[in-house]
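Below is one structure, written out as structure tokens; the observations come after it.
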Amino acid sequence: MIPITLTVNGQLREGSVEGRVTLADFLRERLGLTGTHLGCEHGVCGACTVLLDGEPARSCLVLAVQAQDKEVTTVEGLSGSEPLSALQRAMRDNFSFQCGFCTPGFLIQAWALLKENPRPTEEEVRHALSGNLCRCTGYQSIVAGVLAASTRAPLESQQEGSL
Amino acid sequence: MIAGRPPAERYTGSSVRRTEDLRLLTGRGRYVADIQVPGLLHCAFNRSPHAHARVLRVQTDVARRAPGVVAVFDGWQMAKLASAAGGMMELMGETNLPSFSLLATDKVRLVGDPVAMVVAETRAIAEDAAELIEVEYEELPAVMTAAQARDGSLPPIFEDLGSNVLFGPDQKVFGEVDRVFAEADRIVKARIAQHRHQNVPMEGRAILATFDQATGELVAHAATQGVNTSRQIIAAQLGMPLEKVRVLAFDIGGSFGLKFGASREEVACCAASRELLRPVRWIEDRLENLTVSGQAREESFDVEAAVTNEGEILGMRVEMVIDSGAYPGFAPGIISTIQEMIPGPYRMRALSFTASGVITNKATYVAYRGPWASETFVRERLIDLVAAELGLDPFEVRLRNLAERGQPPLRMVTGPSLAGLTAKESLLRMGEIFNFEEFRRHQAAMRAQGRYLGVGVATYIEPAPGPRPETPPTELEWARASLGEDGVVSVFTAQMPHGQSHQTTMAQIAADQFGVDFEQVRVVVGDTDQVPEGFGTGGSRFASMAGGAALHVSRQLRSQVLELAAQILDVSPATIDIRAGEVVGDGVPDGRLPLSELVKLARAAAAEGRIPQGTETSLEASFGFDGGQGGWSGGTHCCVVEVDPETGRVRVDRYMVVEDCGEVINPAVVEGQIRGGVAQGIGAVLLERSAYDEWGQYLSSSFMDYLLPTTTDVPNIEIEHLQTIPLDQDVNFRGVGEGGMIVAPPTICNAIADAIAPSGAVVLEQHLPPTRILELMGIIPQPA
């Protein structure tokens, strides 16, 4: 067992894990953060995407020990103390999702996009989300949600401190 | 004010935001994998590497001794705990069923067939130990094609069936087939193939079973489209009385027809919990999901159309072969719908339909969104072939053949009424939205520049539920409603939403009908202890059947509550009403009485015996809905594609939908269903195929091999709703979940066929990935 220390959604977390435990399993099973979903466990579907030091990463392809000293943000950390962040509200207003299983990955990926590019074009949104699979929606509602979020207040002022 | 009449509808028909989203957008959904219980064990399966083999020996000792392993079950041990008899197909009334077991005993019948099950303290330990099991096999030749299954040269996959032919050929004739073929100017013939592909929900199958020794009750948290159906199968296969099995379902990560009943692995998981007296969970991984969860739609059709030179389609002869895969599945059950629906909204006068089914060493045939969809694919592709043969425009051929509402024939040649049909309006409207003439000019200009553009159209109807048949359905859809002391109206349904937003849409209906705010309705799903009987969500059943049940039960409860309120307040029911969660009207103290107060007064009055006999005091109502007058869903889709002759890649440039799904409950939800279905259709044509090699090895077992459409494959989809023709006095909501997936594949294939027609290509199949396009265009050689 290997001791690890990392920051998750702003809180310092410690644990000890087998070397083979993925970050996704660590978050879900040790920390009870089950919002991060496992859709393929081979890095394609993107449902398990989290922010790792601010960059989107597939938590099924990252070992927990690789997150040592890093900052992790999961879907549970996106709204801070609010019920929903502006991004989540925009996604709700646009009926972005259906079954909800791919949702955490899309939210994290969209969050990262809007941080880097607060006013993306539709094509840029589609490009940024092209590595995430959704089987329910046909994506139009997801893209619309991200575009709607981008026209609202910038993410920084929406939820400062939650990242 | 008149009691019993609902207040003006505030919610039904508007895009009320989803109640589901508050939990799903914040990571607080509750899927089976998210449930945490003390002492939970995990299971993993050792699976067959062979498509067809005898199992000679299963060596589990080493796995059993591995640290953290709690138990290992081989097929024989599992057979002592639970049976595979009494499964979904038996429940559906199929009779020609072979005997087999939950885990393989004598034989394996497809790659991935479960052979042994490991239960361990962690999933990782279970998976490691599953690999420590050694199985000795004697390989048998794999039956991989319908031809191999039918020629009888290979050993039967199920010895007790004696043959790999599952049923047929069974012929059914409607109308005077020989006569219309004799009258025809021409006969257009084709062999059209529908390829195997699959549901691929983002969450695989999943179950968490907990047997409670003290009560003798088994509680299963399942990912299922219907808790009652799962319960029946689990109870039957474990040999437990129904009342000792409770099935719960919370959030479900999609299904599209896959998660019906309880699969072999899920029942084995329940059996293990009962045997080990600990909770046991199985979470299907993606490899398992793609390989063995089930696949759909492998069918071939030999079709002939009798046509006149003016493009009138007089009749069809259809011979269909369906590849059912290995274990009993949905294939035999879907034939009658394919047969009934193949004439679609067209006037044809005769049909001969012959079907047979085969067993092969592939994954079991499961229902997938619009399971009968190949009827629409074959008919709509055939219409374009007829148009090509006659030198007519496919749009024009459709227009000449579509039945018209109120004009003969009033029925499809196969029997169902065409009442309320709006197919022709949908096509004509599409002709207004998209300028076909202008496109043809643009297409020709582009062709002159070496570019291949095409447009495709397809029209369909879907029995969701279809106009009321002469013998109304005997299986009612039930809803129960109750008014609680908190003033909340609870509606209980056997529907099991897994993305369709039923908790929102049913609350919209109930709120309007009862007279409360949307927030004051709770829709209860997913608990066999609470929901009424009913098989669950499927067959586009929600909107009309369950929506109708919710409408009627809410009205009934409202009448009961008003009656009771009138008794308590000593006023006439005709003078009071329920509005925004309050009883209002003449004689109501202060003019308004919150429902929660009314419940308290009613309880007190009943206890004191102040309510006269004959007044319903339970504050509960129950209603079984038979579908009312029903009606069709349907419409016309149109898409524009460009094919790149260098790469064979198809780009969908524009996609348009004109549809009629009756009265729309929630437009945003409806449009999400349509777009999602179209996206799956795009996947089916351009990307997705469940591929096997000739030895039965599965070739599409990862997301690198089985490609799903992404944001860059699916265009924005333009949707227009037609004004529906109401057939029922009260309920004109119609199902909409399946239509997109039914009609998108022929729409896209017709567009591609149009685009590449100048190369001489004729499209007789549905799966058109880049290599196939280049083959069809003659740019690369066809395979030998």
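Order determines the names: the first chain of the structure tokens is A, the second B, and so forth; residues in each chain are numbered 1 upward, and ligands are numbered 1 upward as they are shown.
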
Checklist line | Distance filter 6 Å, only C-alpha atoms, chain B against chain A, as a PyMOL selection string | finding: chain B and resi 24+26-28+34+202-203+253-254+286+498-499+672+675-676+679+710-711+716

Can you write just those residues out, N, CA and C atoms, as a short mmCIF file (atom, residue, chain, number, x, y, z; two decimals), in the first residue's frame?
```cif
data_model
loop_
_atom_site.label_atom_id
_atom_site.label_comp_id
_atom_site.auth_asym_id
_atom_site.auth_seq_id
_atom_site.Cartn_x
_atom_site.Cartn_y
_atom_site.Cartn_z
N LEU B 24 -28.69 14.84 -11.27
CA LEU B 24 -27.78 14.31 -12.29
C LEU B 24 -26.68 15.30 -12.66
N THR B 26 -25.19 17.31 -10.66
CA THR B 26 -24.29 17.60 -9.54
C THR B 26 -23.56 16.35 -9.06
N GLY B 27 -23.66 15.28 -9.82
CA GLY B 27 -22.97 14.06 -9.43
C GLY B 27 -23.66 13.32 -8.30
N ARG B 28 -24.94 13.64 -8.09
CA ARG B 28 -25.65 13.00 -6.99
C ARG B 28 -26.72 12.03 -7.45
N ASP B 34 -23.02 3.13 -7.69
CA ASP B 34 -22.80 4.18 -6.69
C ASP B 34 -23.28 3.78 -5.30
N MET B 202 -24.53 3.95 -21.96
CA MET B 202 -23.25 4.35 -21.35
C MET B 202 -22.99 3.59 -20.05
N GLU B 203 -24.04 3.18 -19.38
CA GLU B 203 -23.88 2.29 -18.23
C GLU B 203 -24.26 0.89 -18.69
N GLY B 253 -28.25 4.35 -16.47
CA GLY B 253 -27.47 5.04 -17.50
C GLY B 253 -27.81 4.61 -18.90
N GLY B 254 -29.09 4.74 -19.26
CA GLY B 254 -29.52 4.37 -20.60
C GLY B 254 -29.76 2.88 -20.73
N ARG B 286 -17.21 -2.69 -20.05
CA ARG B 286 -17.52 -2.39 -21.45
C ARG B 286 -17.22 -3.56 -22.37
N HIS B 498 -35.18 5.84 -17.83
CA HIS B 498 -33.72 5.72 -17.85
C HIS B 498 -33.16 6.73 -18.84
N GLY B 499 -33.64 7.96 -18.68
CA GLY B 499 -33.21 9.05 -19.54
C GLY B 499 -34.38 9.80 -20.17
N GLY B 672 -35.49 16.02 -27.61
CA GLY B 672 -34.31 15.26 -27.17
C GLY B 672 -34.42 13.79 -27.56
N ARG B 675 -33.85 13.63 -31.44
CA ARG B 675 -32.43 13.84 -31.81
C ARG B 675 -31.57 12.65 -31.40
N GLY B 676 -31.86 12.14 -30.21
CA GLY B 676 -31.08 10.98 -29.75
C GLY B 676 -31.27 9.78 -30.66
N ALA B 679 -29.40 10.35 -33.89
CA ALA B 679 -27.95 10.16 -33.69
C ALA B 679 -27.62 8.67 -33.72
N THR B 710 -19.97 10.92 -32.38
CA THR B 710 -19.55 11.96 -31.43
C THR B 710 -20.11 13.31 -31.88
N THR B 711 -19.73 14.36 -31.16
CA THR B 711 -20.22 15.72 -31.48
C THR B 711 -19.91 16.13 -32.92
N ASN B 716 -26.72 19.49 -36.26
CA ASN B 716 -27.95 19.99 -35.63
C ASN B 716 -29.13 19.43 -36.40
#
```

Next item on the list: Please identify which residues in region 11-76 of chain A DSSP calls helix (DSSP H, G or I) from the backbone, and express them as number ranges by chain.
Entry: A: 23-30, 64-67, 75-76

How close does region 159-225 of chain B get to region 229-237 of chain B? List, as CSV, each residue of region 159-225 of chain B within 10 Å, its nearest atom pair and the distance in Å to one decimal, counting only C-alpha atoms.
```
residue,atom,partner,partner_atom,distance
B:Leu218,CA,B:Ala235,CA,9.0
B:Val219,CA,B:Arg231,CA,9.5
B:Ala220,CA,B:Arg231,CA,8.5
B:Ala222,CA,B:Ser230,CA,8.2
B:Ala223,CA,B:Ser230,CA,9.5
B:Thr224,CA,B:Ser230,CA,7.1
B:Gln225,CA,B:Thr229,CA,8.4
```

Saved selection, atoms kept: all heavy atoms, as a PDB file, in the first residue's frame:
```pdb
ATOM      1  N   LEU B 218     -35.111 -11.282  -0.746  1.00  0.00           N
ATOM      2  CA  LEU B 218     -33.997 -10.826  -1.563  1.00  0.00           C
ATOM      3  C   LEU B 218     -34.339  -9.455  -2.128  1.00  0.00           C
ATOM      4  O   LEU B 218     -35.394  -9.277  -2.743  1.00  0.00           O
ATOM      5  CB  LEU B 218     -33.731 -11.804  -2.712  1.00  0.00           C
ATOM      6  CG  LEU B 218     -32.522 -11.396  -3.553  1.00  0.00           C
ATOM      7  CD1 LEU B 218     -31.370 -12.364  -3.334  1.00  0.00           C
ATOM      8  CD2 LEU B 218     -32.848 -11.303  -5.020  1.00  0.00           C
ATOM      9  N   VAL B 219     -33.461  -8.491  -1.880  1.00  0.00           N
ATOM     10  CA  VAL B 219     -33.647  -7.146  -2.435  1.00  0.00           C
ATOM     11  C   VAL B 219     -32.589  -6.926  -3.498  1.00  0.00           C
ATOM     12  O   VAL B 219     -31.393  -7.088  -3.230  1.00  0.00           O
ATOM     13  CB  VAL B 219     -33.531  -6.055  -1.346  1.00  0.00           C
ATOM     14  CG1 VAL B 219     -33.707  -4.669  -1.969  1.00  0.00           C
ATOM     15  CG2 VAL B 219     -34.565  -6.283  -0.253  1.00  0.00           C
ATOM     16  N   ALA B 220     -33.035  -6.600  -4.697  1.00  0.00           N
ATOM     17  CA  ALA B 220     -32.081  -6.358  -5.783  1.00  0.00           C
ATOM     18  C   ALA B 220     -32.212  -4.924  -6.267  1.00  0.00           C
ATOM     19  O   ALA B 220     -33.302  -4.490  -6.642  1.00  0.00           O
ATOM     20  CB  ALA B 220     -32.338  -7.329  -6.929  1.00  0.00           C
ATOM     21  N   ALA B 222     -31.403  -2.834  -9.274  1.00  0.00           N
ATOM     22  CA  ALA B 222     -31.090  -3.242 -10.639  1.00  0.00           C
ATOM     23  C   ALA B 222     -31.121  -2.062 -11.591  1.00  0.00           C
ATOM     24  O   ALA B 222     -31.775  -1.058 -11.340  1.00  0.00           O
ATOM     25  CB  ALA B 222     -32.094  -4.302 -11.092  1.00  0.00           C
ATOM     26  N   ALA B 223     -30.396  -2.215 -12.687  1.00  0.00           N
ATOM     27  CA  ALA B 223     -30.543  -1.303 -13.818  1.00  0.00           C
ATOM     28  C   ALA B 223     -31.499  -2.007 -14.760  1.00  0.00           C
ATOM     29  O   ALA B 223     -31.114  -2.950 -15.451  1.00  0.00           O
ATOM     30  CB  ALA B 223     -29.197  -1.053 -14.481  1.00  0.00           C
ATOM     31  N   THR B 224     -32.743  -1.610 -14.737  1.00  0.00           N
ATOM     32  CA  THR B 224     -33.776  -2.353 -15.478  1.00  0.00           C
ATOM     33  C   THR B 224     -34.833  -1.419 -16.032  1.00  0.00           C
ATOM     34  O   THR B 224     -35.124  -0.386 -15.435  1.00  0.00           O
ATOM     35  CB  THR B 224     -34.451  -3.401 -14.571  1.00  0.00           C
ATOM     36  OG1 THR B 224     -35.512  -4.026 -15.303  1.00  0.00           O
ATOM     37  CG2 THR B 224     -35.040  -2.784 -13.304  1.00  0.00           C
ATOM     38  N   GLN B 225     -35.430  -1.801 -17.141  1.00  0.00           N
ATOM     39  CA  GLN B 225     -36.516  -1.018 -17.731  1.00  0.00           C
ATOM     40  C   GLN B 225     -37.856  -1.316 -17.079  1.00  0.00           C
ATOM     41  O   GLN B 225     -38.862  -0.698 -17.412  1.00  0.00           O
ATOM     42  CB  GLN B 225     -36.603  -1.300 -19.234  1.00  0.00           C
ATOM     43  CG  GLN B 225     -35.431  -0.708 -19.993  1.00  0.00           C
ATOM     44  CD  GLN B 225     -35.494  -0.952 -21.485  1.00  0.00           C
ATOM     45  OE1 GLN B 225     -34.513  -1.376 -22.066  1.00  0.00           O
ATOM     46  NE2 GLN B 225     -36.627  -0.676 -22.127  1.00  0.00           N
TER      47      GLN B 225
END
```

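Relative to CA of Thr414 (chain B), CA of Glu396 (chain B) is found at 24.1 Å.
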
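Across the structure, CA of Gly333 (chain B) and CA of Gly420 (chain B) are spaced 27.2 Å apart.
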
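CA of Pro532 (chain B) to CA of Ala84 (chain B) spans 26.2 Å [interatomic distance, one decimal].
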
Checklist line | DSSP strand (DSSP E) residues within region 23-118 of chain A, as a count of residues only | finding: 11
